[in-house]
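K.L.:
One structure is given below, represented as structure tokens, and several questions about it will come after.
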Amino acid sequence: MKLLFINKIGYEHHQEWKNCQDFGFIDERTKCVVDGCSEGRNSEVGAKLFCHLFQQTHNIEQTFETLLSLYPHFEDIKNHLLFTILYVTEDEENFYVHAAGDGYILKQNHENKFSYERLDFDNSPPYYSYNFVPKEYLKKYQDGVTFDVKRYSKQEYKNIGVATDGLEYLLRSEHKENFETYLLERKEFSIKRLINRFHAVCKDDVTISF
Amino acid sequence: MNEHVEILGLDEVEVQNTAVEELETEVINLIFVGIDQSGSMFSYQNTMEESLRDFKDALEQSKEADEMLVARANFNEYTVDVGGYKKISQFDANYIADGMTPLYDVITEGTEKLTTYMTYLKEQGMRVKAVFAIFSDGDDTSSKSALKDAKASIDTLNKQEITTAFISFGAGAKQEADRLGFKNILNITNSNASELRKAFNCLSKSVIEASKSVVAKEDDFFNM
């Protein structure tokens with residue numbers, strides 16, 4: 001199946017001359033999206049770095065070991081390493097979605113119907129980097145954050161992907177049908193052009209790895 | 001008898017040029033190349049063909065090839081033929097020289113077709129940059145359009161941040177390019193085969209560099 005990856009800046013960030021805080025990657029082994037925390041000064045830097053390292057190692061612990069050697073202090077972590085992480089792996093029978101934070105799980109069944117599962121934490125997502133922040137600074141998640149793993153059988157689903165929460169704007173717009181047509185045909189550039197065309201609709205950054 | 005009226009609608013724009021769904025990109029560089037085929041270029045016919053082939057090869061081999069669509073416009077006394085924007089692999093490198101120079105006509109028609117296609121692409125969600133380049137060795141000698149019309153066309157292009165470039169081959173055309181308001185002029189005063197090859201080499205390099213650039217190269221286009 002042709003890999004599909006979209007990473008587009010949201011209209012509001014574009015209007016405010018801000019960077020896109022989303023990033024991600026896709027390869028034969030992993031589909032990954034990350035969304036930097038808007039309160040972190042440069043969370044997009046850490047998010048991007050995470051993706052580059054994780055794509056090489058495919059190992060979360062090893063990736064964070066390197067990231068923490070670059071950003072060892074609390075202030076560094078706060079400003080660079082707070083981002084949601086969603087990624088999909090698979091074996092012969094199942095897809096596995098690993099999630100630390102909010103976003104969407106995209107599901108395509110064998111009848112080519114799409115459905116979407118929202119991961120919502122009421123604006124306080126569990127960032128994996130909270131594991132490296134002294135507990136006194138945390139209001140929630142003092143016991144640590146682990147990846148929530150969901151399994152989807154290949155007997156039921158043809159494909160499973162992930163997206164950042166910015167997908168919400170496309171899904172509730174009049175362009176949802178076009179989006180799903182292009183998704184079905186795996187027309188990556190048609191989706192990118194659709195977002196460009198109706199950019200004001202897509203207020204938040206959106207990244208899709210499918 | 002009813003007069004034939006041609007209305008350029010959406011379908012025609014797609015047919016004459018490249019339909020957006022054929023493009024595997026969201027960023028595109030439109031390259032307009034107007035080629036003077038007047039009789040004064042007769043002695044350079046072979047060198048022109050060679051230079052146009054080299055131009056095509058350079059663009060085709062560049063990493064930016066997939067993000068470029070090129071339109072060739074031929075102009076002489078007998079025809080002003082502005083082609084559609086197609087992939088560089090479809091660029092025609094043939095060349096024949098004869099007749100006089102309808103420079104203003106090719107500028108007005110070329111501008112109209114470029115801006116129409118550019119509008120269509122933008123409406124389809126494409127990010128578009130463009131270069132409007134003319135190669136000529138002399139003054140206008142046979143246009144139906146007036147200087148002011150051609151000047152207004154170049155002004156329109158400049159205002160839309162489209163790179164306007166003129167290769168003046170020999171002494172005759174530089175003043176004309178200045179009058180018309182081209183922002184980039186490559187002035188080749190020694191008209192010989194070697195300089196002609198160099199000029200097209202410079203054009204291909206400049207087009208490739210402009211395609212790499214995030215913003216339009218408005219007045220520093222020629223890459224020597």
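Here's how to read the names in the structure tokens: chain A, B, ... by the order shown, residue numbers from 1 in each chain, ligand numbers from 1 in the order shown.
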Could you give me, as a PyMOL selection string, the residues within 10 Å of Glu24 in chain B, counting only C-alpha atoms and dropping anything in the same chain fewer than 2 positions from it?
P.N.:
(chain A and resi 187-190) or (chain B and resi 20-22+26-28+66-67)
K.L.:
For range 11-21 of chain A, list every protein, DNA or RNA residue within 8 Å, evaluated using only C-alpha atoms, and leave out those in the same chain fewer than 5 positions away; present the list as a ChimeraX atom specification.
P.N.:
/A:35-38,43-44,47,199-205
K.L.:
Any chance you can output those residues with C-alpha atoms as a PDB file, in the first residue's frame?
P.N.:
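That gives us result-v8.pdb:
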```
ATOM      1  CA  ASP A  35       2.225  17.650  18.141  1.00  0.00           C
ATOM      2  CA  GLY A  36       4.272  20.170  20.107  1.00  0.00           C
ATOM      3  CA  CYS A  37       2.732  21.803  23.166  1.00  0.00           C
ATOM      4  CA  SER A  38       1.850  25.414  22.364  1.00  0.00           C
ATOM      5  CA  SER A  43       8.336  22.451  21.234  1.00  0.00           C
ATOM      6  CA  GLU A  44       8.484  22.040  17.436  1.00  0.00           C
ATOM      7  CA  ALA A  47       9.226  17.278  18.199  1.00  0.00           C
ATOM      8  CA  HIS A 199      -6.749  26.858   4.556  1.00  0.00           C
ATOM      9  CA  ALA A 200      -8.916  29.065   6.768  1.00  0.00           C
ATOM     10  CA  VAL A 201     -10.967  25.954   7.638  1.00  0.00           C
ATOM     11  CA  CYS A 202      -7.893  24.156   8.985  1.00  0.00           C
ATOM     12  CA  LYS A 203      -7.173  26.410  11.924  1.00  0.00           C
ATOM     13  CA  ASP A 204      -4.706  24.089  13.650  1.00  0.00           C
ATOM     14  CA  ASP A 205      -1.619  22.306  12.278  1.00  0.00           C
TER      15      ASP A 205
END
```
K.L.:
Give one line per residue of chain B that approaches chain A to at most 7 Å, naming the two atoms of the closest pair and their distance in Å to one decimal, counting only C-alpha atoms; sort by chain then ascending residue number and deliver it as a tab-separated table.
P.N.:
```
residue	atom	partner	partner_atom	distance
B:Glu24	CA	A:Phe189	CA	6.1
B:Thr25	CA	A:Phe189	CA	5.7
B:Glu26	CA	A:Phe189	CA	6.0
B:Glu123	CA	A:Arg197	CA	6.6
B:Gln124	CA	A:Arg197	CA	6.2
B:Gly125	CA	A:Arg197	CA	4.1
B:Met126	CA	A:Arg193	CA	6.0
```
K.L.:
Which polymer residues have any atom within 10 Å of an atom of Glu39 in chain A, counting only C-alpha atoms, with same-chain residues fewer than 3 positions away left out, as a list in words?
P.N.:
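The filter keeps Gly36, Asn42, Ser43, Lys78, Asn79, His80 and Leu82 of chain A.
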K.L.:
So that I have them on file, write out the residues from the current selection with all heavy atoms, as a short mmCIF file (atom, residue, chain, number, x, y, z; two decimals), in the first residue's frame.
P.N.:
```cif
data_model
loop_
_atom_site.label_atom_id
_atom_site.label_comp_id
_atom_site.auth_asym_id
_atom_site.auth_seq_id
_atom_site.Cartn_x
_atom_site.Cartn_y
_atom_site.Cartn_z
N GLY A 36 3.61 19.42 19.05
CA GLY A 36 4.27 20.17 20.11
C GLY A 36 3.29 20.97 20.94
O GLY A 36 2.32 21.52 20.42
N ASN A 42 9.72 26.31 22.20
CA ASN A 42 10.10 25.76 20.89
C ASN A 42 9.85 24.25 20.86
O ASN A 42 10.75 23.48 20.54
CB ASN A 42 11.57 26.05 20.57
CG ASN A 42 11.81 27.52 20.32
OD1 ASN A 42 12.42 28.19 21.13
ND2 ASN A 42 11.30 28.02 19.21
N SER A 43 8.64 23.88 21.19
CA SER A 43 8.34 22.45 21.23
C SER A 43 8.48 21.80 19.86
O SER A 43 8.73 20.60 19.74
CB SER A 43 6.93 22.23 21.78
OG SER A 43 5.99 22.86 20.96
N LYS A 78 10.76 21.66 29.44
CA LYS A 78 9.51 22.42 29.35
C LYS A 78 9.40 23.13 27.98
O LYS A 78 8.34 23.18 27.37
CB LYS A 78 9.47 23.45 30.48
CG LYS A 78 8.09 24.04 30.70
CD LYS A 78 8.08 25.04 31.83
CE LYS A 78 8.61 26.39 31.35
NZ LYS A 78 8.56 27.44 32.35
N ASN A 79 10.52 23.67 27.53
CA ASN A 79 10.47 24.45 26.30
C ASN A 79 10.62 23.64 25.02
O ASN A 79 10.27 24.11 23.94
CB ASN A 79 11.57 25.53 26.32
CG ASN A 79 11.22 26.65 27.27
OD1 ASN A 79 10.05 27.01 27.40
ND2 ASN A 79 12.22 27.19 27.96
N HIS A 80 11.18 22.43 25.12
CA HIS A 80 11.47 21.69 23.89
C HIS A 80 10.87 20.29 23.79
O HIS A 80 10.71 19.78 22.70
CB HIS A 80 12.99 21.54 23.69
CG HIS A 80 13.68 22.85 23.52
ND1 HIS A 80 14.31 23.48 24.56
CD2 HIS A 80 13.84 23.65 22.44
CE1 HIS A 80 14.82 24.62 24.12
NE2 HIS A 80 14.56 24.75 22.85
N LEU A 82 7.97 18.89 25.27
CA LEU A 82 6.56 18.56 25.55
C LEU A 82 5.81 18.43 24.22
O LEU A 82 5.52 19.43 23.56
CB LEU A 82 5.93 19.62 26.45
CG LEU A 82 6.56 19.79 27.83
CD1 LEU A 82 5.79 20.81 28.67
CD2 LEU A 82 6.64 18.46 28.59
#
```
K.L.:
I'd like the neighbourhood of Phe179 in chain A as a list of chain:residue names, where a residue qualifies if any of its atoms comes within 8 Å (using only C-alpha atoms), though same-chain residues fewer than 3 positions away should be ignored.
P.N.:
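My list of contacting residues is A:Leu170, A:His175, A:Lys176, A:Tyr182, A:Leu183, A:Ile191, A:Leu194.
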K.L.:
For range 157-164 of chain A, work out the shell of residues within 8 Å, counting only C-alpha atoms and skipping chain neighbours fewer than 2 positions away, then give it as a PyMOL selection string.
P.N.:
chain A and resi 22+31-35+86-88+95+97+102-110+112+152-155+166-167+205-210
K.L.:
Please compute the CA of Thr189 in chain B-CA of Ser153 in chain B distance, one decimal, in Å.
P.N.:
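Separating CA of Thr189 in chain B from CA of Ser153 in chain B is a distance of 26.1 Å.
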K.L.:
Set the distance at 9 Å and use only C-alpha atoms: which residues neighbour Lys86 in chain B once local chain neighbours fewer than 2 positions away are removed? I'd like the list as a PyMOL selection string.
P.N.:
chain B and resi 16-18+68-71+83-84+88-91
K.L.:
For those residues, write N, CA and C atoms to a file as a short mmCIF file (atom, residue, chain, number, x, y, z; two decimals), in the first residue's frame.
P.N.:
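Result file follows (out_0.cif):
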```
data_model
loop_
_atom_site.label_atom_id
_atom_site.label_comp_id
_atom_site.auth_asym_id
_atom_site.auth_seq_id
_atom_site.Cartn_x
_atom_site.Cartn_y
_atom_site.Cartn_z
N GLN B 16 -5.25 22.81 -22.47
CA GLN B 16 -4.11 23.49 -23.08
C GLN B 16 -2.84 23.35 -22.24
N ASN B 17 -3.05 23.25 -20.95
CA ASN B 17 -1.89 23.18 -20.06
C ASN B 17 -1.86 21.79 -19.41
N THR B 18 -1.47 21.73 -18.15
CA THR B 18 -1.45 20.45 -17.43
C THR B 18 -2.51 20.49 -16.33
N MET B 68 8.30 21.77 -12.17
CA MET B 68 8.34 22.79 -13.22
C MET B 68 7.40 22.43 -14.35
N LEU B 69 6.75 23.44 -14.87
CA LEU B 69 6.00 23.27 -16.12
C LEU B 69 6.47 24.38 -17.05
N VAL B 70 6.78 24.01 -18.29
CA VAL B 70 7.39 24.98 -19.20
C VAL B 70 6.49 25.21 -20.42
N ALA B 71 6.33 26.50 -20.77
CA ALA B 71 5.61 26.85 -22.00
C ALA B 71 6.59 27.51 -22.95
N GLY B 83 2.58 28.12 -26.47
CA GLY B 83 2.21 26.75 -26.09
C GLY B 83 1.72 26.66 -24.65
N GLY B 84 1.16 25.53 -24.30
CA GLY B 84 0.67 25.33 -22.94
C GLY B 84 1.81 24.96 -22.00
N ILE B 88 8.74 19.33 -18.69
CA ILE B 88 9.91 19.68 -19.51
C ILE B 88 10.23 18.59 -20.54
N SER B 89 9.86 17.35 -20.24
CA SER B 89 10.12 16.26 -21.21
C SER B 89 9.39 16.50 -22.53
N GLN B 90 8.34 17.33 -22.50
CA GLN B 90 7.58 17.58 -23.73
C GLN B 90 8.04 18.84 -24.46
N PHE B 91 9.12 19.46 -23.98
CA PHE B 91 9.60 20.71 -24.58
C PHE B 91 10.14 20.45 -25.98
#
```
K.L.:
Which residues come within 9 Å of range 69-72 of chain A, counting only C-alpha atoms, excluding same-chain residues fewer than 6 positions away, as a VMD selection string?
P.N.:
chain A and resid 46 80 to 81 132
K.L.:
Just give me the gap between CA of Ser136 in chain B and CA of Leu203 in chain B in Å, one decimal is fine.
P.N.:
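These atoms are spaced 13.2 Å apart.
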